[in-house]
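Trainee: Dumping the structure here so I can ask a few things about it.
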Amino acid sequence: MIHAYDKVYLDKARTVLGRMLDFAVYDLNYDIADFFQKFICSGVAARFEIGDFTVITGRSGVELAYEVLEQSGIKPKRIKPNYTADRSEEFWLGWVLAYYQWETSMSFAEIVQYMTVKDILALYSPYHEMDIRQFVDKMNALYKAAKPETNLKLLRQRAGLSQRMLAELSDIPIRTIQQYEQRQKNINKAQAEYLVRLAKVLCCEAGDLIEKIE
């Protein structure tokens with residue numbers, strides 16, 4: 001897996017996201033799901049995902065929260081933040097989501113599309129006491145359960161094509177397409193030429209066919 005930014009910056013990114021959510025909930029009094037949606041829609045999440053250093057290391061969590069609101073067209077009154085002695089559940093949420101996004105390279109929007117922010121927050125107990133790898137394994141299992149279909153199948157259906165039609169248009173054997181959709185073959189290991197052909201027919205990028213969670 002190729003990550004958007006070097007692991008040396010990951011701890012800082014996790015702390016920033018955790019502090020942002022903690023501040024948004026306990027100081028700015030936002031609902032966690034509402035604020036996280038603002039984070040995504042503001043464009044700040046997209047910059048976080050690609051490792052924009054002005055976001056992941058250049059700001060504190062408090063500054064990032066204010067930027068999310070400003071990019072959302074909100075001009076909040078600046079207040080003095082409170083710093084709690086113990087990490088809140090919301091801090092933990094940002095801390096683990098930053099890691100999971102970095103590990104999988106999924107966008108935050110895709111993550112919460114299949115597992116809501118509040119559902120993930122509900123994992124706090126017992127996962128806040130466990131190794132981060134156990135949290136990742138749990139998230140992967142939840143993601144697979146919520147999204148059983150492959151990207152190839154979803155994109156094909158969105159295009160209104162049958163497997164046979166896609167096979168004919170892409171000049172790829174129908175059996176191969178079936179095997180990719182049924183996960184009998186790993187599309188992540190497909191020939192680059194196959195991915196390009198499929199992407200051309202489905203009007204998407206070759207990377208859109210890749211499964212982030214194998």
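Each chain of the structure tokens is named A, B, ... in the order shown, its residues numbered from 1; ligands are numbered from 1 in display order.
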Skipping near chain neighbours, those fewer than 3 positions away, what residues fall within 8 Å of Val117 (chain A) using only C-alpha atoms, listed as a ChimeraX atom specification?
Mentor: /A:32-33,36,112,120-121
Trainee: Measure the distance from CA of Arg156 (chain A) to CA of Arg197 (chain A) in Å and round it to one decimal.
Mentor: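 Calculated distance between CA of Arg156 (chain A) and CA of Arg197 (chain A) is 12.8 Å.
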Trainee: So the first atom is CA of Leu21 (chain A) and the second is CA of Asn82 (chain A); what is the distance between them in Å, to one decimal place?
Mentor: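 We find that CA of Leu21 (chain A) and CA of Asn82 (chain A) lie 12.9 Å from each other.
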Trainee: CA of Gln163 (chain A) to CA of Ile177 (chain A): how many Å, to one decimal?
Mentor: 6.9 Å
Trainee: If you run DSSP on the backbone here, which positions in region 96-137 of chain A get alpha helix (DSSP H)? Please write them as JSON, numbers by chain.
Mentor: {"A": [96, 97, 98, 99, 100, 101, 102, 103, 104, 108, 109, 110, 111, 112, 113, 114, 117, 118, 119, 120, 121, 124, 125, 126, 127, 132, 133, 134, 135, 136, 137]}
Trainee: Now that the selection is made, can you save its residues with N, CA, C and O atoms as a CSV table (one decimal), in the first residue's frame?
Mentor:
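In the end it all went to result-v1.csv:
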```csv
chain,number,residue,atom,x,y,z
A,96,VAL,N,-7.9,7.6,15.8
A,96,VAL,CA,-8.0,6.3,15.1
A,96,VAL,C,-8.4,6.5,13.7
A,96,VAL,O,-7.9,5.7,12.8
A,97,LEU,N,-9.3,7.4,13.4
A,97,LEU,CA,-9.7,7.6,12.0
A,97,LEU,C,-8.5,8.2,11.1
A,97,LEU,O,-8.4,7.8,10.0
A,98,ALA,N,-7.7,9.0,11.7
A,98,ALA,CA,-6.5,9.5,11.0
A,98,ALA,C,-5.6,8.3,10.6
A,98,ALA,O,-5.1,8.3,9.5
A,99,TYR,N,-5.5,7.4,11.5
A,99,TYR,CA,-4.6,6.2,11.2
A,99,TYR,C,-5.3,5.4,10.2
A,99,TYR,O,-4.6,4.9,9.2
A,100,TYR,N,-6.6,5.1,10.3
A,100,TYR,CA,-7.3,4.2,9.4
A,100,TYR,C,-7.3,4.8,8.0
A,100,TYR,O,-7.1,4.0,7.0
A,101,GLN,N,-7.5,6.1,7.9
A,101,GLN,CA,-7.5,6.7,6.6
A,101,GLN,C,-6.1,6.6,5.9
A,101,GLN,O,-6.0,6.3,4.7
A,102,TRP,N,-5.1,6.8,6.7
A,102,TRP,CA,-3.7,6.7,6.2
A,102,TRP,C,-3.4,5.2,5.8
A,102,TRP,O,-2.8,5.0,4.8
A,103,GLU,N,-3.8,4.3,6.6
A,103,GLU,CA,-3.5,2.9,6.4
A,103,GLU,C,-4.2,2.4,5.1
A,103,GLU,O,-3.6,1.6,4.4
A,104,THR,N,-5.5,2.8,4.9
A,104,THR,CA,-6.2,2.2,3.8
A,104,THR,C,-6.2,3.1,2.5
A,104,THR,O,-6.6,2.6,1.4
A,108,PHE,N,-12.1,10.0,3.8
A,108,PHE,CA,-13.0,10.0,5.0
A,108,PHE,C,-14.4,9.9,4.6
A,108,PHE,O,-15.2,9.2,5.3
A,109,ALA,N,-14.8,10.4,3.4
A,109,ALA,CA,-16.2,10.4,3.0
A,109,ALA,C,-16.6,8.9,2.7
A,109,ALA,O,-17.7,8.5,3.0
A,110,GLU,N,-15.7,8.1,2.1
A,110,GLU,CA,-16.0,6.7,1.8
A,110,GLU,C,-16.1,5.9,3.1
A,110,GLU,O,-17.0,5.1,3.3
A,111,ILE,N,-15.2,6.2,4.1
A,111,ILE,CA,-15.2,5.5,5.3
A,111,ILE,C,-16.6,5.7,6.0
A,111,ILE,O,-17.2,4.7,6.4
A,112,VAL,N,-17.0,6.9,6.2
A,112,VAL,CA,-18.2,7.2,6.9
A,112,VAL,C,-19.5,6.9,6.1
A,112,VAL,O,-20.6,6.9,6.6
A,113,GLN,N,-19.3,6.7,4.8
A,113,GLN,CA,-20.4,6.3,4.0
A,113,GLN,C,-20.9,4.9,4.4
A,113,GLN,O,-22.1,4.6,4.3
A,114,TYR,N,-20.0,4.1,4.8
A,114,TYR,CA,-20.4,2.7,5.1
A,114,TYR,C,-20.4,2.4,6.6
A,114,TYR,O,-21.0,1.4,7.1
A,117,VAL,N,-20.1,8.0,11.7
A,117,VAL,CA,-19.2,8.5,12.7
A,117,VAL,C,-19.6,8.0,14.1
A,117,VAL,O,-18.8,7.6,14.9
A,118,LYS,N,-20.9,8.0,14.4
A,118,LYS,CA,-21.4,7.6,15.7
A,118,LYS,C,-21.2,6.1,15.9
A,118,LYS,O,-21.0,5.6,17.0
A,119,ASP,N,-21.3,5.3,14.8
A,119,ASP,CA,-21.1,3.9,14.9
A,119,ASP,C,-19.6,3.6,15.3
A,119,ASP,O,-19.3,2.7,16.1
A,120,ILE,N,-18.7,4.4,14.7
A,120,ILE,CA,-17.3,4.2,14.9
A,120,ILE,C,-17.0,4.6,16.4
A,120,ILE,O,-16.2,4.0,17.1
A,121,LEU,N,-17.6,5.7,16.8
A,121,LEU,CA,-17.4,6.2,18.1
A,121,LEU,C,-17.9,5.2,19.2
A,121,LEU,O,-17.3,5.1,20.2
A,124,TYR,N,-15.4,2.8,20.9
A,124,TYR,CA,-14.5,3.3,21.9
A,124,TYR,C,-14.2,2.3,23.0
A,124,TYR,O,-13.0,2.0,23.3
A,125,SER,N,-15.3,1.7,23.5
A,125,SER,CA,-15.1,0.6,24.5
A,125,SER,C,-15.4,-0.7,23.8
A,125,SER,O,-16.5,-0.9,23.3
A,126,PRO,N,-14.5,-1.6,23.6
A,126,PRO,CA,-13.2,-1.7,24.3
A,126,PRO,C,-12.0,-1.3,23.5
A,126,PRO,O,-10.8,-1.4,24.0
A,127,TYR,N,-12.1,-0.8,22.3
A,127,TYR,CA,-11.0,-0.6,21.4
A,127,TYR,C,-10.0,0.5,21.7
A,127,TYR,O,-8.9,0.5,21.3
A,132,ILE,N,-3.9,-0.5,17.9
A,132,ILE,CA,-4.5,0.1,16.7
A,132,ILE,C,-4.8,-1.0,15.6
A,132,ILE,O,-5.8,-0.8,14.9
A,133,ARG,N,-4.0,-2.0,15.5
A,133,ARG,CA,-4.2,-3.0,14.5
A,133,ARG,C,-5.5,-3.7,14.7
A,133,ARG,O,-6.2,-4.2,13.8
A,134,GLN,N,-5.9,-3.9,16.0
A,134,GLN,CA,-7.2,-4.6,16.3
A,134,GLN,C,-8.3,-3.7,15.8
A,134,GLN,O,-9.3,-4.2,15.4
A,135,PHE,N,-8.2,-2.4,16.0
A,135,PHE,CA,-9.2,-1.5,15.5
A,135,PHE,C,-9.3,-1.5,14.0
A,135,PHE,O,-10.4,-1.6,13.5
A,136,VAL,N,-8.2,-1.6,13.3
A,136,VAL,CA,-8.2,-1.7,11.9
A,136,VAL,C,-8.8,-2.9,11.4
A,136,VAL,O,-9.7,-2.9,10.5
A,137,ASP,N,-8.6,-4.0,12.1
A,137,ASP,CA,-9.2,-5.3,11.7
A,137,ASP,C,-10.7,-5.2,11.9
A,137,ASP,O,-11.5,-5.7,11.0
```
Trainee: Tell me, as a ChimeraX atom specification, which residues lie within 12 Å of Gly207 (chain A), counting only C-alpha atoms; anything in the same chain fewer than 6 positions away does not count.
Mentor: /A:105-106,151-152,187-188,190,192,194-196,198-200
